[in-house]
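Each remark here refers to the structure printed beneath this line.
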Amino acid sequence: VTAEEISRIVARWTGIPVEKLVEGEREKLLRLPEVLHQRVIGQDEAVQKVSDAILRSRAGIANPNRPIGSFLFLGPTGVGKTELAKALAQALFDDEKNMVRIDMTEYMEKFSVSRLIGAPPGYVGYEEGGQLTEAVRRHPYSVVLFDEVEKAHPDVFNILLQVLDDGRITDSQGRTVDFKNTIIILTSNLGSDIILEDLEKNRANGKNELSAEARDKIDLLLKRQFRPEFLNRLDDIVYYKSLTKDEIGGIVDLMLADLRSRLADKQLKLVVTDAAKSVIVDDGYDPIYGARPLKRYIQANVETMIAKEIIGGSHVPGDTLTVDAENGKLVLR
């Protein structure tokens, strides 16, 4: 029995990620931006700010009574806000499942707040505990993602005030739940039209940065939407940029690598030529909708084509499938 097996058993019992302590913790932390960039293409500002907060926490110089970090991610749809939360859970806590995801679209009514910390005594569901408190009690080391926060009722954020400030919350049964080992990420599409418009103008002039003027406009929007005491407790507000064509090329590589691994289970190899890749990028690129149209394009034009070949029985295990482009259209050889 080696140290690795022992650490795996301890991790399974406690929900605390010990497995990767076998790899030097120091090396892992210093390589964090690089590890995150394997899954999140572009968005250097977001990756750097999150990595810096984790370094401060692990070095022991951050406030020990607060969560490791709390961030509000702002930006257009499909640019990697949720993906960064997943990548962070994978890199820090060894498993993408170590992420507590709360979809704020489910909390549009005032009374839905009780679902986060549990129903009060005498109400239906009192025994069950809250969706947020129970999840963090069972997995104290996790990334807590509040998705699409601007869609929730404003009173929901009152619950988060003591979590962001003191790293703790009391559930409906009087138990204190500790958030000191969590990373809290809130995502929002607020101000995405301002970001898209500003970047389009700046990129035409050869700059790939958000102007100070655009940031000020978004700050005003935030102040209208959220209370100052809530914004004041966040560690950082991170602005996501719309994706450029080069970054879309990197995302195509990631999506095709995922398809390759699925085909490898069927003992088939996949080769995609550069010509085919450039057709996918040209047809699937949409700065407003981000990477999601690309996913749909690959599903409709690459996966469907391969699926027809597999179902038709024209390929046996060990074959290589080549996707190429002819007259601007994808073909399978």
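Naming works like this for the structure tokens: A, B, ... for the chains as they're shown, residue 1 at the start of each chain, ligands 1 onward in shown order.
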> If you count only C-alpha atoms, which residues fall within 12 Å of Arg175 (chain A), apart from same-chain ones fewer than 3 positions away, as a list in words?
Replying inline: Ile117, Gly118, Gly129, Gly130, Thr133, Glu134, Arg137, Arg168, Ile169, Thr170, Asp171, Ser172 and Asp178 of chain A
>> Using only C-alpha atoms, which protein or nucleic acid residues come within 10 Å of Val113 (chain A)? Drop anything in the same chain fewer than 4 positions from it, and give the result as a PyMOL selection string.
In response: chain A and resi 106-109+117-119+130+152-159
Keeping only N, CA and C atoms, take the residues you just selected and write them out as a compact mmCIF listing (two decimals), in the first residue's frame.
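Once written, result-v5.txt looks like this:
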# COMPACT_ATOMS: atom_id res chain seq x y z
N GLU A 106 -33.47 29.85 -11.23
CA GLU A 106 -34.45 29.14 -10.39
C GLU A 106 -34.82 29.96 -9.15
N TYR A 107 -34.19 31.12 -8.99
CA TYR A 107 -34.42 31.93 -7.77
C TYR A 107 -34.98 33.30 -8.12
N MET A 108 -35.95 33.32 -9.02
CA MET A 108 -36.52 34.60 -9.47
C MET A 108 -37.53 35.16 -8.47
N GLU A 109 -38.14 34.29 -7.63
CA GLU A 109 -39.13 34.77 -6.66
C GLU A 109 -38.47 34.99 -5.32
N ILE A 117 -30.81 27.84 1.84
CA ILE A 117 -30.35 27.47 3.20
C ILE A 117 -31.30 26.50 3.90
N GLY A 118 -32.40 26.13 3.22
CA GLY A 118 -33.36 25.19 3.80
C GLY A 118 -34.61 25.88 4.29
N ALA A 119 -35.72 25.13 4.29
CA ALA A 119 -37.01 25.68 4.73
C ALA A 119 -37.01 25.86 6.25
N GLY A 130 -30.71 22.96 2.83
CA GLY A 130 -30.71 23.83 1.65
C GLY A 130 -29.83 23.31 0.53
N ALA A 152 -31.67 36.47 -10.81
CA ALA A 152 -32.23 36.13 -9.49
C ALA A 152 -32.91 37.34 -8.84
N HIS A 153 -33.77 37.05 -7.85
CA HIS A 153 -34.42 38.12 -7.09
C HIS A 153 -33.36 38.84 -6.24
N PRO A 154 -33.41 40.18 -6.14
CA PRO A 154 -32.37 40.92 -5.38
C PRO A 154 -32.17 40.44 -3.94
N ASP A 155 -33.22 39.93 -3.29
CA ASP A 155 -33.10 39.49 -1.89
C ASP A 155 -32.20 38.26 -1.73
N VAL A 156 -32.00 37.53 -2.82
CA VAL A 156 -31.14 36.33 -2.76
C VAL A 156 -29.72 36.74 -2.37
N PHE A 157 -29.30 37.93 -2.79
CA PHE A 157 -27.92 38.36 -2.54
C PHE A 157 -27.67 38.71 -1.07
N ASN A 158 -28.74 38.98 -0.32
CA ASN A 158 -28.57 39.25 1.12
C ASN A 158 -28.00 38.03 1.83
N ILE A 159 -28.39 36.84 1.35
CA ILE A 159 -27.90 35.58 1.92
C ILE A 159 -26.39 35.47 1.72
>> Could you list, as a ChimeraX atom specification, every residue within 8 Å of Thr77 (chain A), counting only C-alpha atoms and ignoring same-chain residues fewer than 4 positions away?
In response: /A:189,192,288-290
> Got a sec: who's within 8 Å of Ile183 (chain A), counting only C-alpha atoms, leaving out chain neighbours fewer than 5 positions off, as a ChimeraX atom specification?
Replying inline: /A:67-70,142-144
>> Can you pull out every residue from region 66-277 of chain A that DSSP, working from the backbone, puts in strand (DSSP E or B), and format the result as JSON, numbers by chain?
In response: {"A": [69, 70, 71, 72, 73, 74, 99, 100, 101, 102, 103, 142, 143, 144, 145, 146, 147, 168, 169, 170, 176, 177, 178, 182, 183, 184, 185, 186, 187, 188, 236, 237, 238, 239, 269, 270, 271, 272]}
> Could you pull the residues within 9 Å of region 247-260 of chain A, counting only C-alpha atoms, minus those fewer than 2 positions along the same chain, as a list in words?
Replying inline: Gln38, Arg39, Val40, Ile41, Gly42, Leu243, Thr244, Lys245, Arg262, Leu263, Ala264, Asp265, Leu268, Lys269, Leu270, Val271, Val272, Lys277, Ser278, Ile280, Val281, Gly284, Tyr285, Gly290, Ala291, Leu294, Lys295, Ile298 and Glu303 of chain A
Just write the chosen residues, N, CA and C atoms, as a PDB file, in the first residue's frame.
ATOM      1  N   GLN A  38      -5.285  25.369 -20.688  1.00  0.00           N
ATOM      2  CA  GLN A  38      -5.480  24.179 -21.523  1.00  0.00           C
ATOM      3  C   GLN A  38      -6.960  24.004 -21.876  1.00  0.00           C
ATOM      4  N   ARG A  39      -7.830  24.532 -20.994  1.00  0.00           N
ATOM      5  CA  ARG A  39      -9.275  24.406 -21.237  1.00  0.00           C
ATOM      6  C   ARG A  39      -9.941  25.729 -21.586  1.00  0.00           C
ATOM      7  N   VAL A  40      -9.391  26.824 -21.080  1.00  0.00           N
ATOM      8  CA  VAL A  40      -9.984  28.146 -21.345  1.00  0.00           C
ATOM      9  C   VAL A  40      -9.072  28.888 -22.311  1.00  0.00           C
ATOM     10  N   ILE A  41      -9.552  29.085 -23.528  1.00  0.00           N
ATOM     11  CA  ILE A  41      -8.739  29.735 -24.562  1.00  0.00           C
ATOM     12  C   ILE A  41      -8.918  31.245 -24.453  1.00  0.00           C
ATOM     13  N   GLY A  42      -7.776  31.975 -24.458  1.00  0.00           N
ATOM     14  CA  GLY A  42      -7.845  33.439 -24.309  1.00  0.00           C
ATOM     15  C   GLY A  42      -8.175  33.802 -22.870  1.00  0.00           C
ATOM     16  N   LEU A 243     -14.613  36.471 -28.254  1.00  0.00           N
ATOM     17  CA  LEU A 243     -13.519  35.661 -28.809  1.00  0.00           C
ATOM     18  C   LEU A 243     -13.097  36.152 -30.194  1.00  0.00           C
ATOM     19  N   THR A 244     -11.781  36.114 -30.427  1.00  0.00           N
ATOM     20  CA  THR A 244     -11.261  36.463 -31.755  1.00  0.00           C
ATOM     21  C   THR A 244     -11.226  35.185 -32.610  1.00  0.00           C
ATOM     22  N   LYS A 245     -10.958  35.341 -33.903  1.00  0.00           N
ATOM     23  CA  LYS A 245     -10.927  34.172 -34.801  1.00  0.00           C
ATOM     24  C   LYS A 245      -9.800  33.204 -34.425  1.00  0.00           C
ATOM     25  N   ARG A 262     -13.691  10.260 -27.957  1.00  0.00           N
ATOM     26  CA  ARG A 262     -14.923   9.459 -28.020  1.00  0.00           C
ATOM     27  C   ARG A 262     -14.826   8.401 -29.123  1.00  0.00           C
ATOM     28  N   LEU A 263     -14.178   8.775 -30.242  1.00  0.00           N
ATOM     29  CA  LEU A 263     -14.008   7.810 -31.335  1.00  0.00           C
ATOM     30  C   LEU A 263     -12.982   6.732 -30.977  1.00  0.00           C
ATOM     31  N   ALA A 264     -12.016   7.116 -30.129  1.00  0.00           N
ATOM     32  CA  ALA A 264     -10.994   6.150 -29.700  1.00  0.00           C
ATOM     33  C   ALA A 264     -11.638   4.985 -28.939  1.00  0.00           C
ATOM     34  N   ASP A 265     -12.752   5.263 -28.228  1.00  0.00           N
ATOM     35  CA  ASP A 265     -13.478   4.188 -27.528  1.00  0.00           C
ATOM     36  C   ASP A 265     -14.025   3.169 -28.527  1.00  0.00           C
ATOM     37  N   LEU A 268     -11.529   3.958 -33.466  1.00  0.00           N
ATOM     38  CA  LEU A 268     -11.419   4.689 -34.731  1.00  0.00           C
ATOM     39  C   LEU A 268     -10.544   5.912 -34.520  1.00  0.00           C
ATOM     40  N   LYS A 269      -9.759   6.255 -35.544  1.00  0.00           N
ATOM     41  CA  LYS A 269      -8.907   7.444 -35.451  1.00  0.00           C
ATOM     42  C   LYS A 269      -9.518   8.552 -36.297  1.00  0.00           C
ATOM     43  N   LEU A 270      -9.292   9.794 -35.869  1.00  0.00           N
ATOM     44  CA  LEU A 270      -9.841  10.932 -36.612  1.00  0.00           C
ATOM     45  C   LEU A 270      -8.717  11.885 -37.002  1.00  0.00           C
ATOM     46  N   VAL A 271      -8.673  12.240 -38.279  1.00  0.00           N
ATOM     47  CA  VAL A 271      -7.725  13.243 -38.771  1.00  0.00           C
ATOM     48  C   VAL A 271      -8.547  14.362 -39.403  1.00  0.00           C
ATOM     49  N   VAL A 272      -8.287  15.600 -38.980  1.00  0.00           N
ATOM     50  CA  VAL A 272      -8.985  16.753 -39.566  1.00  0.00           C
ATOM     51  C   VAL A 272      -7.930  17.630 -40.229  1.00  0.00           C
ATOM     52  N   LYS A 277     -10.394  22.523 -40.958  1.00  0.00           N
ATOM     53  CA  LYS A 277     -10.417  23.357 -39.739  1.00  0.00           C
ATOM     54  C   LYS A 277     -10.784  24.795 -40.069  1.00  0.00           C
ATOM     55  N   SER A 278     -10.196  25.322 -41.152  1.00  0.00           N
ATOM     56  CA  SER A 278     -10.478  26.723 -41.491  1.00  0.00           C
ATOM     57  C   SER A 278     -11.928  26.897 -41.946  1.00  0.00           C
ATOM     58  N   ILE A 280     -14.447  25.112 -40.687  1.00  0.00           N
ATOM     59  CA  ILE A 280     -15.189  25.060 -39.415  1.00  0.00           C
ATOM     60  C   ILE A 280     -15.126  26.419 -38.713  1.00  0.00           C
ATOM     61  N   VAL A 281     -13.916  27.014 -38.683  1.00  0.00           N
ATOM     62  CA  VAL A 281     -13.744  28.318 -38.023  1.00  0.00           C
ATOM     63  C   VAL A 281     -14.557  29.392 -38.741  1.00  0.00           C
ATOM     64  N   GLY A 284     -18.405  28.568 -38.341  1.00  0.00           N
ATOM     65  CA  GLY A 284     -18.921  28.480 -36.962  1.00  0.00           C
ATOM     66  C   GLY A 284     -18.633  29.697 -36.105  1.00  0.00           C
ATOM     67  N   TYR A 285     -17.871  30.666 -36.641  1.00  0.00           N
ATOM     68  CA  TYR A 285     -17.476  31.837 -35.826  1.00  0.00           C
ATOM     69  C   TYR A 285     -18.593  32.870 -35.762  1.00  0.00           C
ATOM     70  N   GLY A 290     -20.274  33.571 -29.262  1.00  0.00           N
ATOM     71  CA  GLY A 290     -19.114  32.880 -28.698  1.00  0.00           C
ATOM     72  C   GLY A 290     -18.887  31.494 -29.281  1.00  0.00           C
ATOM     73  N   ALA A 291     -18.520  30.544 -28.406  1.00  0.00           N
ATOM     74  CA  ALA A 291     -18.099  29.213 -28.869  1.00  0.00           C
ATOM     75  C   ALA A 291     -19.263  28.251 -29.082  1.00  0.00           C
ATOM     76  N   LEU A 294     -20.202  27.088 -32.603  1.00  0.00           N
ATOM     77  CA  LEU A 294     -19.132  26.216 -33.092  1.00  0.00           C
ATOM     78  C   LEU A 294     -19.417  24.760 -32.707  1.00  0.00           C
ATOM     79  N   LYS A 295     -19.865  24.590 -31.462  1.00  0.00           N
ATOM     80  CA  LYS A 295     -20.204  23.258 -30.954  1.00  0.00           C
ATOM     81  C   LYS A 295     -21.345  22.660 -31.789  1.00  0.00           C
ATOM     82  N   ILE A 298     -20.067  21.716 -35.325  1.00  0.00           N
ATOM     83  CA  ILE A 298     -19.306  20.450 -35.343  1.00  0.00           C
ATOM     84  C   ILE A 298     -20.260  19.261 -35.189  1.00  0.00           C
ATOM     85  N   GLU A 303     -19.885  15.461 -36.666  1.00  0.00           N
ATOM     86  CA  GLU A 303     -20.334  14.272 -35.927  1.00  0.00           C
ATOM     87  C   GLU A 303     -21.412  13.502 -36.692  1.00  0.00           C
TER      88      GLU A 303
END
> In terms of the shortest atom-to-atom distance over only C-alpha atoms, which of A:Pro64, A:Pro287, A:Pro228, A:Pro121 is closest to Asp246 (chain A)?
Replying inline: A:Pro287
> Of the residues A:Tyr240, A:Phe73, A:Phe179, A:Asp193, which is the one nearest to Lys217 (chain A), using only C-alpha atoms?
Replying inline: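 Using only C-alpha atoms, the shortest distance to Lys217 (chain A) belongs to A:Asp193.
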> So which one's closest to Glu83 (chain A), A:His37, A:Arg203, A:Ile218, A:Leu164? Using only C-alpha atoms, please.
Replying inline: A:His37
>> I'd like the contact shell of Ile306 (chain A) - 10 Å cut-off, only C-alpha atoms, skipping same-chain residues fewer than 6 positions apart - returned as a list of chain:residue names.
In response: A:Leu263, A:Leu270, A:Gln299, A:Gly312, A:His315, A:Leu321, A:Thr322, A:Val323, A:Val331, A:Leu332
>> I need the residue nearest Val279 (chain A) from this list: A:Leu32, A:Ala300, A:Ile194, A:Leu330. Use only C-alpha atoms for the distance.
In response: A:Leu330
>> Write out as a PyMOL selection string the set of residues from region 51-192 of chain A that DSSP, computed on the backbone, places in helix (DSSP H, G or I).
In response: chain A and resi 51-59+81-93+104-107+110-117+126-128+131-138+149-151+156-166+192
>> Using only C-alpha atoms for the distances, tell me which of A:Glu229, A:Glu27, A:Glu4, A:Asp44 is nearest to Gln162 (chain A).
In response: A:Glu229
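Distances from A:Leu221, A:Lys110, A:Ser7, A:Val35 to Ala87 (chain A) were compared using only C-alpha atoms, and the smallest one belongs to A:Val35.
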> Got a sec: who's within 12 Å of Asn208 (chain A), counting only C-alpha atoms, leaving out chain neighbours fewer than 2 positions off, as a ChimeraX atom specification?
Replying inline: /A:42-45,195-196,198-206,210-211,240-244
Expected file: the selected residues, C-alpha atoms, as a PDB file, in the first residue's frame:
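Output file again_19.pdb is given in full below:
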ATOM      1  CA  GLY A  42      -7.845  33.439 -24.309  1.00  0.00           C
ATOM      2  CA  GLN A  43      -9.289  35.402 -21.327  1.00  0.00           C
ATOM      3  CA  ASP A  44      -5.832  36.056 -19.826  1.00  0.00           C
ATOM      4  CA  GLU A  45      -7.158  38.660 -17.377  1.00  0.00           C
ATOM      5  CA  ILE A 195     -18.341  44.872 -24.240  1.00  0.00           C
ATOM      6  CA  LEU A 196     -19.110  43.612 -27.775  1.00  0.00           C
ATOM      7  CA  ASP A 198     -16.425  48.479 -27.529  1.00  0.00           C
ATOM      8  CA  LEU A 199     -14.201  45.556 -28.579  1.00  0.00           C
ATOM      9  CA  GLU A 200     -15.434  45.718 -32.175  1.00  0.00           C
ATOM     10  CA  LYS A 201     -14.424  49.391 -32.307  1.00  0.00           C
ATOM     11  CA  ASN A 202     -11.060  48.807 -30.574  1.00  0.00           C
ATOM     12  CA  ARG A 203     -10.125  45.750 -32.666  1.00  0.00           C
ATOM     13  CA  ALA A 204     -10.691  47.786 -35.832  1.00  0.00           C
ATOM     14  CA  ASN A 205      -7.933  50.084 -34.461  1.00  0.00           C
ATOM     15  CA  GLY A 206      -5.657  47.127 -33.640  1.00  0.00           C
ATOM     16  CA  LEU A 210     -11.729  47.099 -23.177  1.00  0.00           C
ATOM     17  CA  SER A 211     -11.638  50.884 -22.932  1.00  0.00           C
ATOM     18  CA  TYR A 240     -14.533  38.701 -20.339  1.00  0.00           C
ATOM     19  CA  LYS A 241     -13.789  39.649 -23.922  1.00  0.00           C
ATOM     20  CA  SER A 242     -15.563  38.316 -26.997  1.00  0.00           C
ATOM     21  CA  LEU A 243     -13.519  35.661 -28.809  1.00  0.00           C
ATOM     22  CA  THR A 244     -11.261  36.463 -31.755  1.00  0.00           C
TER      23      THR A 244
END
